[in-house]
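Chemist: Sharing structure30.pdb below, PDB, C-alpha atoms and all ligand atoms:
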ATOM      1  CA  MET A   1       0.000   0.000   0.000
ATOM      2  CA  LEU A   2       1.293   3.487  -0.879
ATOM      3  CA  PRO A   3       2.036   5.686   2.176
ATOM      4  CA  GLN A   4      -0.376   8.569   2.759
ATOM      5  CA  PRO A   5       0.889  11.881   1.316
ATOM      6  CA  LEU A   6       2.590  14.175   3.864
ATOM      7  CA  LEU A   7      -0.242  16.721   3.944
ATOM      8  CA  GLU A   8      -2.802  14.026   4.712
ATOM      9  CA  ARG A   9      -0.622  12.661   7.495
ATOM     10  CA  ILE A  10      -0.361  16.159   9.034
ATOM     11  CA  SER A  11      -4.139  16.671   8.812
ATOM     12  CA  ALA A  12      -4.687  13.326  10.553
ATOM     13  CA  LEU A  13      -2.359  14.413  13.369
ATOM     14  CA  GLN A  14      -4.278  17.671  13.798
ATOM     15  CA  LEU A  15      -7.217  15.583  14.973
ATOM     16  CA  VAL A  16      -5.310  14.688  18.150
ATOM     17  CA  LEU A  17      -5.337  18.357  19.195
ATOM     18  CA  LYS A  18      -8.341  18.599  21.501
ATOM     19  CA  GLU A  19      -9.540  21.606  23.504
ATOM     20  CA  THR A  20      -7.558  22.273  26.678
ATOM     21  CA  PRO A  21      -9.422  22.724  29.985
ATOM     22  CA  THR A  22     -10.027  26.016  31.779
ATOM     23  CA  VAL A  23     -10.244  25.793  35.578
ATOM     24  CA  ARG A  24     -11.666  28.304  38.058
ATOM     25  CA  LEU A  25      -9.457  29.303  40.997
ATOM     26  CA  PRO A  26     -11.386  30.336  44.110
ATOM     27  CA  TRP A  27     -10.494  33.977  44.827
ATOM     28  CA  GLU A  28     -12.520  36.493  46.754
ATOM     29  CA  GLY A  29     -13.557  39.471  44.649
ATOM     30  CA  LEU A  30     -12.279  37.937  41.432
ATOM     31  CA  ASP A  31     -13.659  35.539  38.847
ATOM     32  CA  LEU A  32     -10.276  33.956  38.148
ATOM     33  CA  HIS A  33      -9.564  31.247  35.559
ATOM     34  CA  ALA A  34      -6.475  29.418  34.308
ATOM     35  CA  LYS A  35      -6.279  27.773  30.886
ATOM     36  CA  LEU A  36      -4.167  24.632  31.067
ATOM     37  CA  GLU A  37      -2.236  24.501  27.807
ATOM     38  CA  GLY A  38      -0.014  21.836  29.328
ATOM     39  CA  GLN A  39      -2.867  19.408  28.601
ATOM     40  CA  ASN A  40      -1.999  19.476  24.904
ATOM     41  CA  PRO A  41      -0.680  16.086  23.670
ATOM     42  CA  VAL A  42       3.042  16.947  23.885
ATOM     43  CA  GLY A  43       2.559  19.192  26.895
ATOM     44  CA  SER A  44       2.397  22.860  25.944
ATOM     45  CA  LEU A  45       0.747  25.643  24.001
ATOM     46  CA  LYS A  46       3.374  25.076  21.271
ATOM     47  CA  ASP A  47       1.619  21.923  20.036
ATOM     48  CA  ARG A  48      -0.840  24.106  18.164
ATOM     49  CA  PRO A  49       1.564  26.274  16.105
ATOM     50  CA  ALA A  50       3.961  23.351  15.542
ATOM     51  CA  LEU A  51       1.429  21.338  13.553
ATOM     52  CA  TRP A  52      -0.185  24.382  11.953
ATOM     53  CA  VAL A  53       3.157  25.684  10.644
ATOM     54  CA  LEU A  54       4.093  22.260   9.252
ATOM     55  CA  LYS A  55       0.731  22.007   7.520
ATOM     56  CA  ARG A  56       0.955  25.447   5.943
ATOM     57  CA  ALA A  57       4.531  24.747   4.807
ATOM     58  CA  ALA A  58       3.487  21.430   3.251
ATOM     59  CA  GLU A  59       0.592  23.175   1.469
ATOM     60  CA  ARG A  60       3.026  25.705  -0.011
ATOM     61  CA  GLY A  61       5.501  23.027  -1.026
ATOM     62  CA  GLN A  62       8.171  24.303   1.423
ATOM     63  CA  LEU A  63       8.108  21.046   3.400
ATOM     64  CA  HIS A  64       8.240  17.621   1.779
ATOM     65  CA  GLU A  65       9.286  14.024   2.332
ATOM     66  CA  GLY A  66      13.013  14.108   3.042
ATOM     67  CA  SER A  67      12.986  17.643   4.505
ATOM     68  CA  THR A  68      15.060  18.353   7.616
ATOM     69  CA  ILE A  69      13.362  20.734  10.036
ATOM     70  CA  VAL A  70      15.767  23.050  11.915
ATOM     71  CA  GLU A  71      14.492  25.304  14.719
ATOM     72  CA  SER A  72      15.655  27.314  17.705
ATOM     73  CA  SER A  73      13.615  26.703  20.850
ATOM     74  CA  SER A  74      13.801  26.990  24.612
ATOM     75  CA  GLY A  75      12.102  23.604  24.898
ATOM     76  CA  ASN A  76       8.402  23.477  24.169
ATOM     77  CA  PHE A  77       8.336  24.255  20.449
ATOM     78  CA  ALA A  78      11.225  21.851  19.951
ATOM     79  CA  SER A  79       9.454  19.095  21.902
ATOM     80  CA  ALA A  80       6.290  19.513  19.831
ATOM     81  CA  LEU A  81       8.239  19.589  16.564
ATOM     82  CA  ALA A  82      10.357  16.617  17.621
ATOM     83  CA  THR A  83       7.271  14.530  18.292
ATOM     84  CA  TYR A  84       5.398  15.516  15.163
ATOM     85  CA  ALA A  85       8.488  15.225  12.935
ATOM     86  CA  LYS A  86       9.010  11.687  14.243
ATOM     87  CA  LEU A  87       5.373  10.757  13.631
ATOM     88  CA  LEU A  88       5.597  12.201  10.116
ATOM     89  CA  GLY A  89       8.898  10.495   9.312
ATOM     90  CA  LEU A  90      10.824  13.794   8.971
ATOM     91  CA  LYS A  91      14.213  14.691  10.437
ATOM     92  CA  PHE A  92      14.395  17.460  13.030
ATOM     93  CA  ILE A  93      17.416  19.271  14.488
ATOM     94  CA  PRO A  94      16.565  21.448  17.515
ATOM     95  CA  VAL A  95      18.945  24.261  18.481
ATOM     96  CA  ILE A  96      18.781  24.735  22.252
ATOM     97  CA  ASP A  97      20.724  26.556  24.993
ATOM     98  CA  PRO A  98      21.836  25.873  28.588
ATOM     99  CA  ASN A  99      18.611  27.310  30.074
ATOM    100  CA  ILE A 100      16.640  24.358  28.754
ATOM    101  CA  THR A 101      15.298  22.213  31.601
ATOM    102  CA  PRO A 102      16.955  18.776  31.976
ATOM    103  CA  GLY A 103      13.580  17.116  31.303
ATOM    104  CA  TYR A 104      13.145  18.798  27.918
ATOM    105  CA  GLU A 105      16.754  18.192  26.970
ATOM    106  CA  SER A 106      16.578  14.459  27.596
ATOM    107  CA  PHE A 107      13.257  14.283  25.759
ATOM    108  CA  LEU A 108      14.888  15.875  22.692
ATOM    109  CA  HIS A 109      17.864  13.511  22.851
ATOM    110  CA  ARG A 110      15.437  10.586  22.854
ATOM    111  CA  THR A 111      13.338  11.855  19.953
ATOM    112  CA  CYS A 112      15.870  13.551  17.615
ATOM    113  CA  ASP A 113      18.919  12.115  15.833
ATOM    114  CA  GLN A 114      20.839  15.341  16.399
ATOM    115  CA  VAL A 115      20.500  18.089  19.032
ATOM    116  CA  VAL A 116      22.630  21.244  18.775
ATOM    117  CA  LYS A 117      23.279  23.153  22.007
ATOM    118  CA  VAL A 118      24.823  26.631  21.892
ATOM    119  CA  THR A 119      26.689  27.713  25.000
ATOM    120  CA  GLU A 120      27.738  31.327  24.361
ATOM    121  CA  ARG A 121      25.539  34.120  25.664
ATOM    122  CA  ASP A 122      24.780  36.912  23.187
ATOM    123  CA  ASP A 123      25.532  40.613  23.756
ATOM    124  CA  MET A 124      22.172  40.963  25.590
ATOM    125  CA  GLY A 125      23.024  38.292  28.156
ATOM    126  CA  GLY A 126      20.641  35.752  26.605
ATOM    127  CA  TYR A 127      21.113  33.013  24.033
ATOM    128  CA  LEU A 128      18.553  33.815  21.364
ATOM    129  CA  LYS A 129      20.899  35.593  18.926
ATOM    130  CA  THR A 130      23.437  32.772  19.223
ATOM    131  CA  ARG A 131      20.727  30.160  18.623
ATOM    132  CA  LEU A 132      19.352  31.980  15.571
ATOM    133  CA  ASN A 133      22.837  32.334  14.067
ATOM    134  CA  LYS A 134      23.322  28.594  14.514
ATOM    135  CA  VAL A 135      19.973  27.862  12.820
ATOM    136  CA  ARG A 136      20.986  30.009   9.803
ATOM    137  CA  GLU A 137      24.347  28.256   9.633
ATOM    138  CA  LEU A 138      22.711  24.784   9.706
ATOM    139  CA  CYS A 139      20.063  25.736   7.132
ATOM    140  CA  GLY A 140      22.849  26.956   4.811
ATOM    141  CA  SER A 141      24.644  23.627   5.012
ATOM    142  CA  ILE A 142      21.740  21.105   4.905
ATOM    143  CA  GLU A 143      19.987  20.375   1.639
ATOM    144  CA  GLY A 144      16.201  20.457   1.981
ATOM    145  CA  ALA A 145      16.339  22.279   5.315
ATOM    146  CA  PHE A 146      13.096  23.863   6.503
ATOM    147  CA  TRP A 147      13.146  26.544   9.230
ATOM    148  CA  PRO A 148       9.660  27.092  10.745
ATOM    149  CA  ASN A 149      10.967  30.354  12.282
ATOM    150  CA  GLN A 150       8.641  30.610  15.255
ATOM    151  CA  TYR A 151       9.908  34.155  15.902
ATOM    152  CA  GLY A 152       8.755  35.622  12.580
ATOM    153  CA  ASN A 153       6.343  33.223  10.878
ATOM    154  CA  PRO A 154       2.796  34.687  10.583
ATOM    155  CA  ASP A 155       1.406  31.123  10.443
ATOM    156  CA  VAL A 156       2.126  30.952  14.195
ATOM    157  CA  ILE A 157      -0.217  33.902  14.782
ATOM    158  CA  GLU A 158      -2.854  32.252  12.615
ATOM    159  CA  ALA A 159      -2.597  29.059  14.698
ATOM    160  CA  HIS A 160      -3.214  30.917  17.959
ATOM    161  CA  TYR A 161      -5.957  33.044  16.426
ATOM    162  CA  TRP A 162      -7.952  30.050  15.141
ATOM    163  CA  LEU A 163      -7.096  27.543  17.874
ATOM    164  CA  THR A 164      -6.131  29.055  21.262
ATOM    165  CA  GLY A 165      -7.971  32.386  20.812
ATOM    166  CA  GLU A 166     -11.077  30.853  19.288
ATOM    167  CA  GLU A 167     -11.235  28.247  22.051
ATOM    168  CA  ILE A 168     -11.096  30.962  24.745
ATOM    169  CA  ARG A 169     -13.868  32.841  22.941
ATOM    170  CA  ARG A 170     -16.065  29.746  23.056
ATOM    171  CA  THR A 171     -15.414  29.226  26.776
ATOM    172  CA  PHE A 172     -16.411  32.678  28.060
ATOM    173  CA  GLN A 173     -19.572  34.778  27.810
ATOM    174  CA  ARG A 174     -17.581  37.710  29.083
ATOM    175  CA  LEU A 175     -13.854  38.281  29.633
ATOM    176  CA  ASP A 176     -12.333  41.442  31.107
ATOM    177  CA  TYR A 177      -8.618  40.610  31.388
ATOM    178  CA  VAL A 178      -6.259  38.073  29.855
ATOM    179  CA  PHE A 179      -2.646  37.601  31.036
ATOM    180  CA  ILE A 180      -0.264  35.971  28.537
ATOM    181  CA  GLY A 181       3.446  35.151  28.860
ATOM    182  CA  VAL A 182       5.544  36.380  25.935
ATOM    183  CA  SER A 183       8.605  35.023  24.207
ATOM    184  CA  THR A 184       8.190  34.875  20.421
ATOM    185  CA  GLY A 185       4.954  36.868  20.725
ATOM    186  CA  GLY A 186       3.033  34.376  18.587
ATOM    187  CA  THR A 187       0.558  33.415  21.302
ATOM    188  CA  ILE A 188      -0.262  36.946  22.399
ATOM    189  CA  ALA A 189      -0.540  38.158  18.792
ATOM    190  CA  GLY A 190      -3.033  35.470  17.737
ATOM    191  CA  VAL A 191      -5.015  35.346  20.990
ATOM    192  CA  SER A 192      -5.247  39.139  21.432
ATOM    193  CA  ARG A 193      -6.456  39.605  17.849
ATOM    194  CA  ARG A 194      -9.225  37.033  18.225
ATOM    195  CA  LEU A 195     -10.331  38.148  21.698
ATOM    196  CA  LYS A 196     -10.423  41.876  20.911
ATOM    197  CA  GLU A 197     -12.849  41.119  18.086
ATOM    198  CA  VAL A 198     -15.360  39.444  20.376
ATOM    199  CA  PHE A 199     -14.702  41.216  23.697
ATOM    200  CA  PRO A 200     -13.865  44.777  22.541
ATOM    201  CA  SER A 201     -13.238  46.101  26.069
ATOM    202  CA  ILE A 202     -10.939  43.249  27.157
ATOM    203  CA  ARG A 203      -7.523  44.311  28.547
ATOM    204  CA  VAL A 204      -4.650  42.215  27.226
ATOM    205  CA  VAL A 205      -1.707  42.096  29.648
ATOM    206  CA  ALA A 206       1.646  40.928  28.279
ATOM    207  CA  VAL A 207       3.773  39.173  30.898
ATOM    208  CA  ASP A 208       7.530  39.209  30.440
ATOM    209  CA  ALA A 209      10.570  38.381  32.577
ATOM    210  CA  GLN A 210      12.822  40.985  34.141
ATOM    211  CA  GLY A 211      16.037  40.907  32.080
ATOM    212  CA  SER A 212      14.170  40.360  28.799
ATOM    213  CA  VAL A 213      14.331  43.133  26.193
ATOM    214  CA  ILE A 214      11.034  42.459  24.375
ATOM    215  CA  PHE A 215       9.295  45.516  25.818
ATOM    216  CA  GLY A 216      12.366  47.731  26.148
ATOM    217  CA  GLY A 217      13.516  46.434  29.546
ATOM    218  CA  THR A 218      17.180  46.327  30.523
ATOM    219  CA  ALA A 219      18.927  43.181  29.310
ATOM    220  CA  GLY A 220      20.038  40.810  32.044
ATOM    221  CA  LYS A 221      20.775  37.181  32.827
ATOM    222  CA  ARG A 222      17.692  34.941  33.014
ATOM    223  CA  TYR A 223      17.487  31.278  34.010
ATOM    224  CA  ILE A 224      13.864  30.311  33.451
ATOM    225  CA  PRO A 225      13.080  29.212  29.903
ATOM    226  CA  GLY A 226       9.889  29.833  27.942
ATOM    227  CA  ILE A 227       9.319  33.472  28.754
ATOM    228  CA  GLY A 228      11.303  36.550  27.624
ATOM    229  CA  ALA A 229      13.822  37.047  24.829
ATOM    230  CA  SER A 230      17.126  38.795  24.243
ATOM    231  CA  VAL A 231      15.880  40.327  20.960
ATOM    232  CA  ARG A 232      12.401  41.704  20.231
ATOM    233  CA  PRO A 233      10.732  39.156  17.938
ATOM    234  CA  GLU A 234       8.858  40.443  14.883
ATOM    235  CA  LEU A 235       5.600  38.703  15.861
ATOM    236  CA  VAL A 236       5.225  40.896  18.963
ATOM    237  CA  ASN A 237       4.472  43.848  16.644
ATOM    238  CA  HIS A 238       1.213  42.132  15.631
ATOM    239  CA  ALA A 239      -0.103  41.793  19.181
ATOM    240  CA  LEU A 240      -2.800  44.101  20.612
ATOM    241  CA  ILE A 241      -1.383  44.791  24.080
ATOM    242  CA  ASP A 242      -2.807  47.142  26.723
ATOM    243  CA  ASP A 243      -0.235  46.724  29.459
ATOM    244  CA  VAL A 244       3.059  44.965  30.180
ATOM    245  CA  VAL A 245       4.156  43.454  33.513
ATOM    246  CA  LEU A 246       7.811  42.462  34.019
ATOM    247  CA  VAL A 247       8.159  39.726  36.628
ATOM    248  CA  PRO A 248      11.471  38.983  38.419
ATOM    249  CA  GLU A 249      12.404  35.319  38.382
ATOM    250  CA  TYR A 250      12.244  34.871  42.182
ATOM    251  CA  GLU A 251       8.589  35.920  42.054
ATOM    252  CA  THR A 252       7.965  33.413  39.240
ATOM    253  CA  VAL A 253       9.379  30.654  41.452
ATOM    254  CA  GLN A 254       7.220  31.688  44.446
ATOM    255  CA  CYS A 255       4.090  31.812  42.298
ATOM    256  CA  CYS A 256       4.727  28.406  40.701
ATOM    257  CA  ARG A 257       4.929  26.936  44.207
ATOM    258  CA  GLU A 258       1.810  28.787  45.298
ATOM    259  CA  LEU A 259      -0.101  27.449  42.284
ATOM    260  CA  LEU A 260       0.963  23.927  43.230
ATOM    261  CA  LEU A 261       0.485  24.056  46.982
ATOM    262  CA  GLN A 262      -2.630  26.222  47.194
ATOM    263  CA  HIS A 263      -4.389  25.603  43.878
ATOM    264  CA  ASN A 264      -3.336  22.078  42.981
ATOM    265  CA  LEU A 265      -1.801  23.151  39.656
ATOM    266  CA  LEU A 266       1.608  21.789  38.665
ATOM    267  CA  VAL A 267       2.504  24.248  35.914
ATOM    268  CA  GLY A 268       5.665  25.745  34.413
ATOM    269  CA  GLY A 269       7.598  28.990  34.769
ATOM    270  CA  SER A 270       5.622  31.320  32.525
ATOM    271  CA  SER A 271       2.387  30.201  34.225
ATOM    272  CA  GLY A 272       3.871  31.307  37.551
ATOM    273  CA  SER A 273       4.868  34.636  35.944
ATOM    274  CA  CYS A 274       1.321  35.178  34.665
ATOM    275  CA  PHE A 275      -0.100  34.389  38.107
ATOM    276  CA  ALA A 276       2.395  36.843  39.636
ATOM    277  CA  ALA A 277       1.188  39.507  37.188
ATOM    278  CA  VAL A 278      -2.458  38.833  38.148
ATOM    279  CA  LYS A 279      -1.518  39.271  41.823
ATOM    280  CA  ARG A 280       0.176  42.585  41.055
ATOM    281  CA  TYR A 281      -3.098  43.719  39.489
ATOM    282  CA  LEU A 282      -5.202  42.895  42.584
ATOM    283  CA  PRO A 283      -5.331  46.488  43.954
ATOM    284  CA  ARG A 284      -6.649  47.675  40.567
ATOM    285  CA  PHE A 285      -9.223  44.884  40.433
ATOM    286  CA  ARG A 286     -10.508  45.864  43.893
ATOM    287  CA  GLU A 287     -11.297  49.377  42.632
ATOM    288  CA  LEU A 288     -13.622  48.060  39.911
ATOM    289  CA  PRO A 289     -17.406  48.255  40.542
ATOM    290  CA  THR A 290     -17.905  44.509  39.857
ATOM    291  CA  PRO A 291     -15.438  41.605  40.150
ATOM    292  CA  PRO A 292     -13.759  41.218  36.745
ATOM    293  CA  THR A 293     -13.495  37.929  34.861
ATOM    294  CA  VAL A 294      -9.780  37.231  34.489
ATOM    295  CA  LEU A 295      -7.940  34.514  32.592
ATOM    296  CA  PHE A 296      -4.256  33.658  32.690
ATOM    297  CA  LEU A 297      -2.559  31.171  30.407
ATOM    298  CA  CYS A 298      -0.658  28.246  31.881
ATOM    299  CA  ALA A 299       1.558  27.509  28.891
ATOM    300  CA  ASP A 300       3.012  24.168  30.004
ATOM    301  CA  ARG A 301       3.160  21.501  32.715
ATOM    302  CA  GLY A 302       5.385  21.794  35.755
ATOM    303  CA  THR A 303       6.919  18.318  35.451
ATOM    304  CA  ALA A 304       9.804  19.572  33.283
ATOM    305  CA  TYR A 305      10.725  22.077  36.026
ATOM    306  CA  LEU A 306      10.939  19.700  38.995
ATOM    307  CA  ASP A 307      14.745  19.928  39.035
ATOM    308  CA  THR A 308      14.781  23.698  38.555
ATOM    309  CA  ILE A 309      11.903  25.934  39.681
ATOM    310  CA  PHE A 310      10.554  23.355  42.156
ATOM    311  CA  SER A 311      13.995  22.399  43.482
ATOM    312  CA  PRO A 312      15.000  24.322  46.643
ATOM    313  CA  SER A 313      18.718  23.962  45.843
ATOM    314  CA  TRP A 314      18.342  25.264  42.254
ATOM    315  CA  SER A 315      16.134  28.181  43.262
ATOM    316  CA  ALA A 316      18.466  29.164  46.127
ATOM    317  CA  ARG A 317      20.167  31.357  43.473
ATOM    318  CA  PHE A 318      17.301  33.851  43.870
ATOM    319  CA  SER A 319      17.538  34.259  47.643
TER     320      SER A 319
HETATM  321  C1  LIG B 401       6.384  27.844  28.772
HETATM  322  C2  LIG B 401       6.170  28.915  27.772
HETATM  323  N1  LIG B 401       5.413  29.967  28.112
HETATM  324  C3  LIG B 401       5.208  30.990  27.279
HETATM  325  C4  LIG B 401       5.765  31.002  26.021
HETATM  326  C5  LIG B 401       5.566  32.197  25.150
HETATM  327  O1  LIG B 401       4.849  31.944  23.994
HETATM  328  P1  LIG B 401       5.186  32.736  22.689
HETATM  329  O2  LIG B 401       6.502  32.238  22.181
HETATM  330  O3  LIG B 401       4.077  32.400  21.774
HETATM  331  O4  LIG B 401       5.250  34.191  23.019
HETATM  332  C6  LIG B 401       6.568  29.915  25.624
HETATM  333  C7  LIG B 401       7.229  29.891  24.344
HETATM  334  O5  LIG B 401       8.087  29.082  24.082
HETATM  335  C8  LIG B 401       6.763  28.846  26.524
HETATM  336  O6  LIG B 401       7.523  27.788  26.208
END
Would you put the structure from the file into structure tokens?
Ligand SMILES: Cc1ncc(COP(=O)(O)O)c(C=O)c1O

Modeler:
Amino acid sequence: MLPQPLLERISALQLVLKETPTVRLPWEGLDLHAKLEGQNPVGSLKDRPALWVLKRAAERGQLHEGSTIVESSSGNFASALATYAKLLGLKFIPVIDPNITPGYESFLHRTCDQVVKVTERDDMGGYLKTRLNKVRELCGSIEGAFWPNQYGNPDVIEAHYWLTGEEIRRTFQRLDYVFIGVSTGGTIAGVSRRLKEVFPSIRVVAVDAQGSVIFGGTAGKRYIPGIGASVRPELVNHALIDDVVLVPEYETVQCCRELLLQHNLLVGGSSGSCFAAVKRYLPRFRELPTPPTVLFLCADRGTAYLDTIFSPSWSARFS
């Protein structure tokens, strides 16, 4: 029997992407919800753009049998791509850096034939520029290389508009605030565009890490992957943002633990940052005439961070 064409195989995989749950956190004076993107099949909000981008590329003839996918990622996009590339019979080379959690790194070594890890920090104290230079170098030397470019590919925005954003729209009758962690900007661009169409008065709050330069902050060393960047990605320019909150990493750690121990949610770093941003907003919420409906995105599961954020010895660096 002839194998199914690549595009058909990708469409079949898209069927495994189900809606992710939204849970309500009890909070006096606030109608607070968390959307658990870690419940996606490979474990994060990056499952959605990973498959969407591959599908669009296959439709345009940029991705075919025999292609090698090359991408820079702090963990989640690479894990999604690694899984889907394997299922589709394509080769994938992730370009990662030392901030990747041990869990994600070993996952990539088990699912990819080759993993490239850069070790030099760029002039902003991060690794993104170094990773992107490495991706360009690899793409120049590999025949049939395909770079999804999660930092600049508009297909990523489309994925979050039609999947994540649309799903949130279906869940809520009313939504006053949404808090979203930012790295490539793809999530906030797609989700903010969809939500502003249906909830015109919604306030979109971008959550970034202190030390990230996305919103003009001072560059500095960061240790928690997934949130922040050492260059401002192009996709951020497409987001409809009302406010930005920069969260220091020690606060992210505290809030991840609080989510686990008081709300029964084992979620990753950027989820803790979003929760921290919600808490910083509490005085403003109290001034409102009625309790607002607030949603924050939990981008991934906490299991990959057990040896970092949830480890007292690792997080001692912040005390
Ligand atoms: C855990 C986590 N949170 C938030 C984000 C930010 O999403 P985006 O890159 O769409 O801005 C990422 C991106 O990799 C992530 O891995």

Chemist: Got a sec to check which residues lie within 6 Å of ligand LIG 401 (chain B), using all atoms listed in the file, and send them as a PyMOL selection string?

Modeler: chain A and resi 76+181-187+226-227+270+299-300

Chemist: Evaluate the PyMOL selection byres (((chain A and resi 84-86) around 8) and not hetatm) against this structure - the residues, as number ranges by chain, please.

Modeler: A: 50-51, 69, 80-83, 87-92, 111-112

Chemist: Compile the contact shell of Arg170 in chain A as a list in words: residues with an atom at most 12 Å away, counting only C-alpha atoms, same-chain residues fewer than 3 positions apart removed.

Modeler: Glu19, Thr20, Pro21, Thr22, Trp162, Leu163, Thr164, Gly165, Glu166, Glu167, Gln173, Arg174, Leu175, Arg194, Leu195, Val198 and Phe199 of chain A

Chemist: Name the residues in contact with range 211-225 of chain A at a cut-off of 6 Å, using all atoms listed in the file, excluding same-chain residues fewer than 2 positions from it; report them as a list in words.

Modeler: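 Within the cut-off, the hits are Ser74, Asn99, Met124, Gly125, Ala209, Ile227, Gly228, Ala229, Ser230 and Arg232 of chain A.
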
Chemist: With distances taken over all atoms listed in the file, which of A:Leu7, A:Val42, A:Cys255, A:Val294 is nearest to His64 in chain A?

Modeler: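 Comparing A:Leu7, A:Val42, A:Cys255, A:Val294 against His64 in chain A, the winner is A:Leu7.
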
Chemist: Compare A:Gly140, A:Phe77, A:Asp155, A:Val115 by their minimum atom-to-atom distance to Arg60 in chain A, counting only C-alpha atoms, and give me the closest one.

Modeler: A:Asp155
